[in-house]
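A.B. asks: Pasting my_file.cif here (mmCIF, C-alpha atoms and all ligand atoms):
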data_final
#
loop_
_atom_site.label_atom_id
_atom_site.label_comp_id
_atom_site.auth_asym_id
_atom_site.auth_seq_id
_atom_site.Cartn_x
_atom_site.Cartn_y
_atom_site.Cartn_z
CA MET A 48 0.00 0.00 0.00
CA ALA A 49 1.35 3.46 -0.86
CA ALA A 50 1.05 5.78 2.16
CA ASN A 51 -0.82 8.32 0.06
CA ASN A 52 -3.45 5.89 -1.12
CA PHE A 53 -6.43 4.79 0.98
CA ASP A 54 -9.55 2.74 0.23
CA PHE A 55 -11.57 4.96 2.58
CA VAL A 56 -10.83 8.45 3.90
CA VAL A 57 -12.99 9.93 6.63
CA ILE A 58 -12.81 13.72 7.02
CA GLY A 59 -13.35 14.67 10.68
CA ALA A 60 -12.20 12.96 13.90
CA GLY A 61 -15.31 13.77 15.88
CA ILE A 62 -17.54 11.00 17.20
CA VAL A 63 -19.35 10.63 13.86
CA GLY A 64 -16.20 10.27 11.74
CA LEU A 65 -14.64 7.85 14.21
CA ALA A 66 -17.86 5.80 14.34
CA MET A 67 -17.79 5.58 10.55
CA ALA A 68 -14.16 4.42 10.53
CA ASN A 69 -14.99 1.87 13.24
CA ARG A 70 -17.89 0.41 11.26
CA ILE A 71 -16.02 0.27 7.93
CA ARG A 72 -13.26 -1.69 9.67
CA GLN A 73 -15.85 -4.24 10.87
CA ILE A 74 -17.18 -4.64 7.31
CA HIS A 75 -13.79 -4.55 5.54
CA PRO A 76 -11.11 -5.90 7.89
CA ASN A 77 -8.36 -5.54 5.25
CA ALA A 78 -9.24 -2.11 3.86
CA THR A 79 -6.86 0.83 4.15
CA ILE A 80 -8.72 3.50 6.12
CA ALA A 81 -7.58 6.94 7.27
CA VAL A 82 -9.30 9.61 9.36
CA PHE A 83 -8.13 13.18 8.70
CA ASP A 84 -8.67 16.07 11.12
CA LYS A 85 -7.35 19.61 10.91
CA GLU A 86 -6.88 19.75 14.70
CA THR A 87 -4.02 18.17 16.63
CA SER A 88 -6.29 16.13 18.89
CA VAL A 89 -9.66 14.41 18.48
CA GLY A 90 -12.97 15.82 19.70
CA GLU A 91 -11.81 19.46 19.55
CA HIS A 92 -15.22 20.61 18.34
CA ALA A 93 -18.81 19.48 19.08
CA SER A 94 -17.83 15.94 20.14
CA GLY A 95 -15.71 17.21 23.00
CA ARG A 96 -17.83 20.24 23.83
CA ASN A 97 -21.31 18.87 24.44
CA SER A 98 -23.39 17.91 27.48
CA GLY A 99 -22.50 14.22 27.21
CA VAL A 100 -26.17 13.27 27.54
CA LEU A 101 -27.05 9.85 26.13
CA HIS A 102 -30.44 10.80 24.80
CA ALA A 103 -33.17 8.17 24.80
CA GLY A 104 -34.90 9.13 21.53
CA PHE A 105 -38.44 10.18 22.50
CA TYR A 106 -38.37 13.76 21.14
CA TYR A 107 -38.19 12.97 17.47
CA SER A 108 -40.86 12.40 14.89
CA PRO A 109 -41.24 8.61 14.42
CA ASP A 110 -40.43 8.80 10.68
CA SER A 111 -37.12 10.59 11.29
CA LEU A 112 -33.61 9.15 11.23
CA LYS A 113 -33.11 10.76 14.65
CA ALA A 114 -35.82 8.61 16.25
CA ALA A 115 -34.42 5.18 15.36
CA LEU A 116 -30.75 6.10 15.41
CA THR A 117 -30.96 7.73 18.85
CA ARG A 118 -32.83 4.79 20.39
CA ASP A 119 -30.31 2.33 18.90
CA GLY A 120 -27.31 4.62 19.39
CA ASN A 121 -28.07 4.95 23.11
CA LYS A 122 -27.81 1.17 23.47
CA LEU A 123 -24.69 0.86 21.27
CA LEU A 124 -22.91 3.70 23.09
CA ARG A 125 -23.67 2.10 26.47
CA ASP A 126 -22.26 -1.21 25.18
CA PHE A 127 -19.15 0.57 23.90
CA CYS A 128 -18.65 2.32 27.25
CA ALA A 129 -19.01 -0.99 29.07
CA GLU A 130 -16.44 -2.65 26.76
CA GLU A 131 -13.99 0.21 27.23
CA ASN A 132 -14.58 0.62 31.00
CA ILE A 133 -15.95 4.13 30.57
CA ARG A 134 -18.25 5.36 33.33
CA VAL A 135 -21.89 6.12 32.50
CA ASN A 136 -23.93 7.96 35.13
CA GLU A 137 -27.50 6.56 35.05
CA THR A 138 -29.21 9.82 35.90
CA GLY A 139 -32.44 9.41 33.92
CA LYS A 140 -34.20 12.60 32.98
CA VAL A 141 -37.38 14.49 33.81
CA VAL A 142 -39.15 16.89 31.45
CA VAL A 143 -41.24 19.37 33.43
CA ALA A 144 -44.17 21.60 32.44
CA GLN A 145 -44.10 25.23 33.45
CA ASN A 146 -47.87 25.64 33.14
CA SER A 147 -50.92 23.58 32.25
CA SER A 148 -50.72 24.57 28.57
CA GLU A 149 -47.50 22.50 28.28
CA VAL A 150 -49.12 19.30 29.49
CA THR A 151 -50.43 18.44 26.00
CA ALA A 152 -46.87 18.67 24.69
CA LEU A 153 -45.68 16.29 27.42
CA GLN A 154 -48.38 13.83 26.39
CA GLU A 155 -47.21 14.14 22.78
CA LEU A 156 -43.62 13.38 23.85
CA HIS A 157 -44.92 10.31 25.67
CA ARG A 158 -46.76 9.20 22.50
CA ARG A 159 -43.61 9.74 20.44
CA GLY A 160 -41.65 7.67 22.94
CA ASN A 161 -44.15 4.82 22.47
CA SER A 162 -43.99 5.09 18.67
CA ASN A 163 -40.18 5.16 18.73
CA GLY A 164 -39.90 2.15 21.05
CA VAL A 165 -38.49 4.31 23.87
CA ILE A 166 -39.71 3.92 27.44
CA THR A 167 -41.14 7.08 29.04
CA GLU A 168 -43.67 7.53 31.82
CA LEU A 169 -46.02 10.40 32.65
CA VAL A 170 -45.71 11.07 36.40
CA SER A 171 -47.55 13.22 38.93
CA PRO A 172 -45.88 16.09 40.83
CA GLU A 173 -45.70 13.73 43.86
CA GLN A 174 -43.90 11.06 41.83
CA LEU A 175 -41.62 13.75 40.41
CA ALA A 176 -40.73 14.79 43.97
CA GLU A 177 -39.48 11.24 44.58
CA LEU A 178 -37.51 11.11 41.34
CA GLU A 179 -35.99 14.59 41.64
CA PRO A 180 -36.95 16.56 44.77
CA LEU A 181 -35.45 19.80 43.39
CA ALA A 182 -37.58 19.89 40.21
CA LYS A 183 -40.96 21.60 39.91
CA THR A 184 -43.75 20.84 37.44
CA SER A 185 -47.34 21.76 36.66
CA GLU A 186 -49.80 18.83 36.70
CA LEU A 187 -47.57 16.21 35.04
CA ALA A 188 -43.94 15.49 34.21
CA LEU A 189 -42.30 13.03 31.83
CA TRP A 190 -39.78 10.52 33.19
CA SER A 191 -37.16 8.99 30.90
CA PRO A 192 -35.23 6.21 32.68
CA ASN A 193 -32.88 5.52 29.73
CA THR A 194 -31.34 8.97 29.50
CA ALA A 195 -27.85 9.01 31.04
CA VAL A 196 -24.57 10.90 30.88
CA ALA A 197 -20.88 10.21 30.14
CA ASN A 198 -17.79 12.32 29.55
CA PRO A 199 -18.05 13.14 25.81
CA LEU A 200 -14.33 13.70 25.24
CA GLU A 201 -13.39 10.49 27.06
CA VAL A 202 -15.80 8.50 24.86
CA THR A 203 -14.54 10.17 21.64
CA GLN A 204 -10.89 9.55 22.60
CA ALA A 205 -11.65 5.90 23.43
CA LEU A 206 -13.26 5.42 20.01
CA ALA A 207 -10.18 6.98 18.38
CA ASN A 208 -7.93 4.59 20.31
CA LYS A 209 -10.05 1.64 19.19
CA VAL A 210 -9.95 2.51 15.48
CA ILE A 211 -6.17 3.05 15.64
CA ARG A 212 -5.72 -0.27 17.47
CA GLU A 213 -7.68 -1.98 14.70
CA GLY A 214 -5.48 -0.60 11.93
CA THR A 215 -6.95 2.76 10.89
CA THR A 216 -4.53 5.65 10.34
CA LEU A 217 -5.36 8.85 12.22
CA LYS A 218 -3.93 11.90 10.48
CA LEU A 219 -4.18 14.80 12.88
CA GLY A 220 -3.16 18.32 11.88
CA HIS A 221 -4.21 17.52 8.30
CA GLU A 222 -6.69 20.06 7.01
CA VAL A 223 -8.57 18.99 3.90
CA LEU A 224 -8.34 22.02 1.61
CA ARG A 225 -9.87 20.65 -1.56
CA THR A 226 -11.51 17.48 -2.74
CA ALA A 227 -12.33 15.90 -6.04
CA GLN A 228 -13.73 12.52 -6.89
CA ASN A 229 -11.10 10.04 -5.54
CA ARG A 230 -8.63 12.72 -4.43
CA ILE A 231 -8.07 15.01 -1.47
CA VAL A 232 -5.64 17.87 -1.07
CA THR A 233 -4.50 18.71 2.47
CA ASN A 234 -2.08 21.23 3.96
CA LEU A 235 0.39 18.33 4.34
CA GLY A 236 0.03 16.46 1.05
CA ASN A 237 -2.28 14.92 -1.52
CA TYR A 238 -4.02 11.55 -1.29
CA SER A 239 -5.81 9.17 -3.64
CA VAL A 240 -8.95 7.76 -2.13
CA GLY A 241 -11.39 5.00 -3.03
CA HIS A 242 -14.28 6.56 -1.11
CA ILE A 243 -14.50 9.88 0.78
CA ILE A 244 -16.69 10.11 3.88
CA ASN A 245 -17.40 13.66 4.96
CA CYS A 246 -17.99 14.02 8.71
CA ALA A 247 -16.57 17.53 9.01
CA GLY A 248 -19.19 18.92 11.40
CA LEU A 249 -19.24 22.72 11.12
CA TYR A 250 -17.52 22.45 7.72
CA ALA A 251 -19.46 19.46 6.34
CA ASP A 252 -21.43 21.73 4.00
CA LYS A 253 -18.22 23.16 2.52
CA ILE A 254 -16.78 19.70 1.87
CA ALA A 255 -20.10 18.51 0.35
CA LYS A 256 -20.68 21.46 -1.99
CA PRO A 257 -18.07 20.64 -4.68
CA PHE A 258 -19.69 17.19 -4.92
CA GLY A 259 -23.08 18.86 -5.50
CA PHE A 260 -24.56 17.42 -2.31
CA CYS A 261 -25.29 20.55 -0.27
CA ASP A 262 -26.42 23.27 -2.68
CA ASP A 263 -29.79 23.59 -0.97
CA TYR A 264 -28.37 24.23 2.51
CA ALA A 265 -26.49 26.99 4.35
CA MET A 266 -24.69 26.60 7.68
CA LEU A 267 -26.06 28.62 10.61
CA PRO A 268 -23.94 28.10 13.71
CA PHE A 269 -25.54 28.42 17.16
CA LYS A 270 -23.45 28.72 20.31
CA GLY A 271 -24.08 26.73 23.47
CA LEU A 272 -22.88 28.32 26.73
CA TYR A 273 -22.80 26.51 30.07
CA TRP A 274 -22.44 27.41 33.74
CA TYR A 275 -21.42 24.92 36.45
CA GLY A 276 -22.90 25.06 39.94
CA ASN A 277 -20.98 24.91 43.21
CA TRP A 278 -23.50 22.45 44.66
CA ALA A 279 -22.22 19.28 46.34
CA PRO A 280 -22.01 16.42 43.81
CA GLY A 281 -25.25 14.44 43.84
CA LYS A 282 -27.44 17.32 45.08
CA LEU A 283 -29.19 17.30 41.68
CA GLN A 284 -29.81 13.67 40.71
CA ARG A 285 -31.60 13.85 37.36
CA HIS A 286 -31.30 15.88 34.20
CA VAL A 287 -34.16 18.41 34.24
CA TYR A 288 -35.46 19.70 30.89
CA PRO A 289 -38.29 22.03 29.88
CA VAL A 290 -40.93 21.17 27.29
CA PRO A 291 -39.23 22.04 23.99
CA ASP A 292 -40.57 24.50 21.43
CA VAL A 293 -41.26 22.01 18.63
CA ARG A 294 -40.67 24.69 15.99
CA ASN A 295 -36.96 24.69 16.83
CA PRO A 296 -34.41 21.88 16.84
CA PHE A 297 -33.13 23.02 20.27
CA LEU A 298 -34.33 21.66 23.60
CA GLY A 299 -34.39 24.88 25.68
CA VAL A 300 -32.15 25.77 28.64
CA HIS A 301 -31.92 22.80 30.98
CA LEU A 302 -30.00 21.41 33.94
CA THR A 303 -27.83 18.37 33.50
CA VAL A 304 -25.83 16.28 35.93
CA THR A 305 -22.25 15.59 34.83
CA ILE A 306 -20.47 12.27 35.08
CA ASP A 307 -19.08 13.52 38.44
CA GLY A 308 -22.52 14.42 39.77
CA ARG A 309 -22.11 18.17 39.32
CA ALA A 310 -25.05 20.36 38.24
CA LYS A 311 -24.63 22.33 35.02
CA ILE A 312 -26.96 24.84 33.32
CA GLY A 313 -27.12 25.28 29.54
CA PRO A 314 -26.57 25.10 26.69
CA THR A 315 -27.92 28.19 25.01
CA ALA A 316 -28.62 28.29 21.24
CA ILE A 317 -27.30 31.78 20.51
CA PRO A 318 -27.02 32.68 16.80
CA ILE A 319 -23.38 33.48 15.94
CA PHE A 320 -21.63 34.58 12.77
CA SER A 321 -18.44 32.47 12.67
CA ARG A 322 -18.30 28.70 12.84
CA GLU A 323 -15.58 28.36 15.47
CA SER A 324 -15.85 31.57 17.52
CA TYR A 325 -15.77 29.97 20.96
CA ALA A 326 -14.53 33.00 22.91
CA GLY A 327 -13.81 36.69 22.31
CA PHE A 328 -12.27 37.42 18.93
CA VAL A 329 -10.66 33.97 18.59
CA GLY A 330 -12.01 32.00 15.63
CA LEU A 331 -13.69 35.01 14.01
CA SER A 332 -13.47 35.03 10.23
CA ALA A 333 -14.50 38.13 8.24
CA LYS A 334 -15.47 35.98 5.25
CA GLU A 335 -17.68 33.72 7.38
CA ILE A 336 -19.28 36.70 9.13
CA LEU A 337 -20.27 38.23 5.78
CA ASN A 338 -21.62 34.89 4.52
CA ILE A 339 -23.66 34.11 7.62
CA VAL A 340 -24.97 37.66 8.06
CA GLY A 341 -26.06 37.46 4.41
CA ILE A 342 -28.18 34.37 5.15
CA TYR A 343 -30.17 35.96 7.98
CA PRO A 344 -32.47 38.16 5.82
CA LYS A 345 -33.77 34.96 4.13
CA PHE A 346 -34.12 33.18 7.46
CA LEU A 347 -35.97 36.12 9.04
CA ALA A 348 -38.79 35.63 6.52
CA SER A 349 -39.30 32.02 7.63
CA LYS A 350 -42.89 30.91 8.19
CA HIS A 351 -41.62 27.88 10.11
CA HIS A 352 -39.75 29.70 12.87
CA ASP A 353 -40.22 32.82 14.95
CA VAL A 354 -36.70 33.97 14.06
CA LEU A 355 -36.90 37.39 15.72
CA GLY A 356 -38.36 35.76 18.81
CA LEU A 357 -35.51 33.23 18.82
CA ILE A 358 -32.89 35.98 18.51
CA LYS A 359 -34.58 38.11 21.19
CA SER A 360 -34.82 35.21 23.62
CA GLU A 361 -31.28 33.85 22.98
CA MET A 362 -29.11 36.99 22.84
CA PRO A 363 -29.73 38.00 26.49
CA LYS A 364 -28.42 34.57 27.51
CA TYR A 365 -24.88 35.91 27.05
CA SER A 366 -25.62 37.28 30.55
CA GLN A 367 -24.86 34.62 33.18
CA ARG A 368 -27.51 36.04 35.51
CA HIS A 369 -30.19 35.97 32.82
CA LEU A 370 -29.40 32.44 31.70
CA VAL A 371 -29.14 30.95 35.17
CA THR A 372 -32.32 32.69 36.30
CA GLN A 373 -34.21 30.95 33.48
CA ALA A 374 -33.35 27.59 35.02
CA LYS A 375 -35.18 28.61 38.21
CA ALA A 376 -38.43 27.83 36.39
CA LEU A 377 -37.36 24.16 36.37
CA VAL A 378 -35.48 24.00 39.67
CA PRO A 379 -36.55 26.87 41.98
CA SER A 380 -33.55 26.55 44.32
CA VAL A 381 -31.16 27.60 41.53
CA ASP A 382 -29.40 30.83 42.49
CA PRO A 383 -27.21 32.78 40.00
CA LYS A 384 -24.51 33.25 42.65
CA ASP A 385 -24.09 29.43 42.83
CA PHE A 386 -23.53 28.99 39.06
CA LYS A 387 -20.51 31.13 38.27
CA GLU A 388 -18.04 28.64 36.77
CA ARG A 389 -18.06 28.91 32.99
CA GLY A 390 -18.20 25.62 31.05
CA LYS A 391 -16.48 24.97 27.72
CA PRO A 392 -18.87 26.30 25.02
CA GLY A 393 -19.91 24.22 22.02
CA ILE A 394 -21.19 25.27 18.59
CA ARG A 395 -24.00 23.52 16.75
CA ALA A 396 -23.50 22.77 13.03
CA GLN A 397 -27.12 23.57 12.17
CA LEU A 398 -28.19 23.64 8.51
CA LEU A 399 -30.82 25.94 7.06
CA ASP A 400 -32.89 24.61 4.16
CA ILE A 401 -32.52 27.72 1.98
CA LYS A 402 -35.52 27.24 -0.28
CA ASN A 403 -38.00 26.48 2.50
CA LYS A 404 -36.33 28.86 5.02
CA LYS A 405 -36.47 26.08 7.56
CA LEU A 406 -33.92 24.79 10.03
CA GLU A 407 -33.30 21.16 9.09
CA MET A 408 -34.64 19.01 11.92
CA ASP A 409 -33.18 15.62 10.93
CA PHE A 410 -29.78 14.14 10.14
CA VAL A 411 -29.11 14.27 6.38
CA VAL A 412 -27.09 11.61 4.54
CA ARG A 413 -26.19 12.06 0.88
CA GLY A 414 -23.68 10.57 -1.51
CA ASP A 415 -22.91 8.25 -4.38
CA GLU A 416 -20.37 5.56 -5.19
CA GLY A 417 -17.41 7.97 -4.68
CA SER A 418 -18.39 9.92 -1.58
CA THR A 419 -20.75 10.01 1.42
CA HIS A 420 -21.72 13.17 3.35
CA LEU A 421 -23.11 13.28 6.87
CA LEU A 422 -24.85 16.63 7.08
CA ASN A 423 -26.67 18.32 9.93
CA ALA A 424 -25.05 15.99 12.48
CA VAL A 425 -26.49 18.11 15.29
CA SER A 426 -27.74 16.92 18.66
CA PRO A 427 -28.21 14.06 19.45
CA ALA A 428 -25.58 12.84 16.95
CA TRP A 429 -23.13 12.17 19.79
CA THR A 430 -25.61 9.58 21.13
CA SER A 431 -26.58 8.33 17.66
CA ALA A 432 -23.11 8.08 16.10
CA LEU A 433 -22.59 4.31 16.31
CA ALA A 434 -26.11 3.59 15.03
CA MET A 435 -25.70 6.20 12.31
CA ALA A 436 -22.50 4.46 11.18
CA ASN A 437 -24.34 1.10 11.01
CA HIS A 438 -27.10 2.74 8.97
CA VAL A 439 -24.83 4.62 6.55
CA CYS A 440 -22.27 1.84 6.06
CA GLN A 441 -24.88 -0.63 4.79
CA LYS A 442 -23.91 0.70 1.37
CA PHE A 443 -20.36 -0.67 1.85
CA ASP A 444 -21.51 -4.18 2.74
C1 LIG A 501 -23.56 22.73 22.99
C2 LIG A 501 -23.85 21.37 22.47
C3 LIG A 501 -24.42 20.40 23.29
C4 LIG A 501 -24.72 19.14 22.79
N1 LIG A 501 -25.17 18.18 23.65
C5 LIG A 501 -25.35 16.91 23.19
C6 LIG A 501 -25.71 15.86 24.07
O1 LIG A 501 -25.82 16.07 25.28
N2 LIG A 501 -25.93 14.63 23.56
C7 LIG A 501 -25.80 14.36 22.23
O2 LIG A 501 -26.05 13.23 21.82
N3 LIG A 501 -25.40 15.33 21.36
C8 LIG A 501 -25.15 16.58 21.82
N4 LIG A 501 -24.72 17.55 20.98
C9 LIG A 501 -24.50 17.22 19.57
C10 LIG A 501 -23.17 16.52 19.36
O3 LIG A 501 -22.14 17.15 20.06
C11 LIG A 501 -22.84 16.53 17.86
O4 LIG A 501 -23.99 16.11 17.16
C12 LIG A 501 -21.71 15.57 17.53
O5 LIG A 501 -20.62 15.80 18.38
C13 LIG A 501 -21.31 15.76 16.08
O6 LIG A 501 -20.15 15.03 15.86
P1 LIG A 501 -19.32 15.22 14.53
O7 LIG A 501 -18.26 14.21 14.55
O8 LIG A 501 -20.26 15.28 13.39
O9 LIG A 501 -18.75 16.73 14.63
P2 LIG A 501 -17.44 17.31 15.32
O10 LIG A 501 -17.22 16.75 16.66
O11 LIG A 501 -17.56 18.80 15.23
O12 LIG A 501 -16.27 16.81 14.40
C14 LIG A 501 -16.02 17.32 13.13
C15 LIG A 501 -14.51 17.32 12.93
O13 LIG A 501 -14.22 17.68 11.59
C16 LIG A 501 -13.00 18.38 11.61
N5 LIG A 501 -12.89 19.14 10.36
C17 LIG A 501 -13.73 20.12 9.92
N6 LIG A 501 -13.32 20.58 8.73
C18 LIG A 501 -12.20 19.88 8.40
C19 LIG A 501 -11.31 19.89 7.29
N7 LIG A 501 -11.48 20.73 6.26
N8 LIG A 501 -10.25 19.04 7.28
C20 LIG A 501 -10.04 18.19 8.31
N9 LIG A 501 -10.85 18.14 9.40
C21 LIG A 501 -11.92 18.97 9.43
C22 LIG A 501 -13.09 19.24 12.85
O14 LIG A 501 -11.82 19.66 13.29
C23 LIG A 501 -13.79 18.32 13.82
O15 LIG A 501 -12.88 17.64 14.66
C24 LIG A 501 -24.43 18.83 21.44
C25 LIG A 501 -23.85 19.80 20.61
C26 LIG A 501 -23.54 21.04 21.12
C27 LIG A 501 -22.87 22.04 20.23
#
Represent the structure contained in this file as structure tokens.
C.D. replies:
Amino acid sequence: MAANNFDFVVIGAGIVGLAMANRIRQIHPNATIAVFDKETSVGEHASGRNSGVLHAGFYYSPDSLKAALTRDGNKLLRDFCAEENIRVNETGKVVVAQNSSEVTALQELHRRGNSNGVITELVSPEQLAELEPLAKTSELALWSPNTAVANPLEVTQALANKVIREGTTLKLGHEVLRTAQNRIVTNLGNYSVGHIINCAGLYADKIAKPFGFCDDYAMLPFKGLYWYGNWAPGKLQRHVYPVPDVRNPFLGVHLTVTIDGRAKIGPTAIPIFSRESYAGFVGLSAKEILNIVGIYPKFLASKHHDVLGLIKSEMPKYSQRHLVTQAKALVPSVDPKDFKERGKPGIRAQLLDIKNKKLEMDFVVRGDEGSTHLLNAVSPAWTSALAMANHVCQKFD
């Protein structure tokens, strides 16, 4: 084998790219496989910067990829963690209603859980008090026993170690600059490739466009900020979520419990104008700002989303006090002075369907015999990754 020649090249060493490499190895034990990432370590972006929640899969419309792949991915990720001795904290999760008008939505989530083959239970405020004494609800709450949490970076790193152990080449610090059918150009050399698999997260649209697989989408990044509490580990026992606004692909500000039992508030879904602007001026790109700002006038006219409402409700969440105060509606004992430790922010690689002016709600998989593109790998793609790889790699069987 020439070192610059691979049967399969995966672009992106996040959880999705690594899951793809892992699955291809199972199908083709003797194939030459490489994973390229522009960063010098794995999980530098969404896969190492998320809440680490193993979602159960009850939110999603039964006909979506998200529904089946999250249910199955939850199980596969648990099995992987068990094999690799990675801790999973079996927190479960409660979804609480802030007023009686949200109860119908809770019942709909319960119905979706049933349709998706995911266990959920509608519980009374008294039952909620037993499950999570700190949470408050109106009339009913939804209990999800199969939601859990792990350390997302630890899981991503363990998957990288596994694929390397099994013979895949990990090429860190290699930025893919250009692609063509069966060829990639990186900052550190050119490669011939049998099949290209694009799992580039915030840049997946850019990689897909020259192949003609993403002309109908534009990338709109949304930033997720977090604040850790100073509460004793274990004080909050369950993840506590609000009823989501079904018009948006985001779940609303919630409280999660980390693998170490700490309470954490977030993430936000603040619209931003550069794909990797995690803090201050770092990661800002004038070209990206112009591009993304240029998309907003089209998005503002959306009949599917209350875009101005979304902007007005998200922008104030840059304020720690404002964001933390919102969580009081779910857990009244939350006090902004107890949640002052900033968490590592993450950025969602959310696609906008340009023609329909609609945020894409589902995972999108496109490709042909020369390339495959995993687009809109937004939450819960960390949970779904192993199931998504099984689904997508059927074409390589
Ligand atoms: C704030 C936040 C909270 C979330 N919480 C959860 C959660 O609790 N549970 C859950 O299931 N999901 C959650 N998600 C979603 C989850 O994190 C993502 O869906 C998942 O990590 C996507 O993985 P990925 O591999 O597609 O992307 P990434 O992890 O972003 O990986 C893409 C990789 O591609 C590389 N890359 C990009 N361009 C190039 C190039 N040109 N050349 C080489 N390499 C390139 C990048 O460096 C990066 O490493 C959350 C996301 C965010 C942002």
A.B. asks: Please determine, counting all atoms listed in the file, which residue among A:Val439, A:Met362, A:Val57, A:Val196 has the shortest atom-to-atom distance to A:Ile243.
C.D. replies: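 Using all atoms listed in the file, A:Ile243 sits closest to A:Val57.
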A.B. asks: Distance table requested - stretch 102-136 of chain A against stretch 401-410 of chain A, cut-off 9 Å, all atoms listed in the file: one row per qualifying residue with the closest atom pair and its distance in Å to one decimal, ordered by chain and rising residue number, as a tab-separated table.
C.D. replies:
residue	atom	partner	partner_atom	distance
A:Tyr107	CA	A:Asp409	CA	8.7
A:Ser111	CA	A:Asp409	CA	6.4
A:Leu112	CA	A:Phe410	CA	6.4
A:Lys113	CA	A:Asp409	CA	6.1
A.B. asks: So, with all atoms listed in the file as the atoms that count, which of A:Gly393, A:Gly214, A:Pro289, A:Gly259 lies closest to ligand LIG 501 (chain A)?
C.D. replies: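 When distances to ligand LIG 501 (chain A) are compared using all atoms listed in the file, the smallest one comes from A:Gly393.
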A.B. asks: Tell me which of A:Lys350, A:His242, A:Arg212, A:Lys359 sits closest to A:Lys442, counting all atoms listed in the file.
C.D. replies: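 Closest candidate: A:His242.
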A.B. asks: What gap, in Å, lies between atom CA of A:Lys364 and atom CA of A:Pro383?
C.D. replies: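 So the answer is 12.7 Å.
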A.B. asks: For A:Ser324, list every protein, DNA or RNA residue within 10 Å, evaluated using all atoms listed in the file, and leave out those in the same chain fewer than 6 positions away; present the list as a PyMOL selection string.
C.D. replies: chain A and resi 268+270+330-332+392-394
A.B. asks: So, counting all atoms listed in the file, which residue among A:Lys218, A:Arg134, A:Lys387, A:His92 is closest to A:Gln367?
C.D. replies: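 Going through A:Lys218, A:Arg134, A:Lys387, A:His92 one by one, the smallest distance to A:Gln367 is for A:Lys387.
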A.B. asks: Show which residues sit within 8 Å of stretch 255-258 of chain A, as a PDB file with C-alpha atoms, keeping the file's coordinate frame. Count all atoms listed in the file, and ignore same-chain residues fewer than 4 positions away.
C.D. replies:
ATOM      1  CA  THR A 226     -11.510  17.480  -2.740  1.00  0.00           C
ATOM      2  CA  ALA A 227     -12.330  15.900  -6.040  1.00  0.00           C
ATOM      3  CA  GLN A 228     -13.730  12.520  -6.890  1.00  0.00           C
ATOM      4  CA  ASN A 245     -17.400  13.660   4.960  1.00  0.00           C
ATOM      5  CA  ALA A 251     -19.460  19.460   6.340  1.00  0.00           C
ATOM      6  CA  ASP A 262     -26.420  23.270  -2.680  1.00  0.00           C
ATOM      7  CA  HIS A 420     -21.720  13.170   3.350  1.00  0.00           C
TER       8      HIS A 420
END
A.B. asks: List as a VMD selection string the protein and nucleic acid residues near A:Arg413, meaning an atom at most 9 Å away when all atoms listed in the file are counted, but skip any in the same chain fewer than 2 places from it.
C.D. replies: chain A and resid 255 260 to 261 411 415 418 to 422
A.B. asks: Print the selection's residues with C-alpha atoms to a file, as a CSV table (one decimal), keeping the file's coordinate frame.
C.D. replies:
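Saved file selection-v5.csv follows:
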chain,number,residue,atom,x,y,z
A,255,ALA,CA,-20.1,18.5,0.4
A,260,PHE,CA,-24.6,17.4,-2.3
A,261,CYS,CA,-25.3,20.6,-0.3
A,411,VAL,CA,-29.1,14.3,6.4
A,415,ASP,CA,-22.9,8.2,-4.4
A,418,SER,CA,-18.4,9.9,-1.6
A,419,THR,CA,-20.8,10.0,1.4
A,420,HIS,CA,-21.7,13.2,3.4
A,421,LEU,CA,-23.1,13.3,6.9
A,422,LEU,CA,-24.8,16.6,7.1
A.B. asks: Taking (-33.3, 6.1, 16.0) in the file's coordinates as the center, which residues reach within 12 Å of it, counting only C-alpha atoms, put as a PyMOL selection string?
C.D. replies: chain A and resi 102-123+159-160+162-165+409-410+427-428+430-438
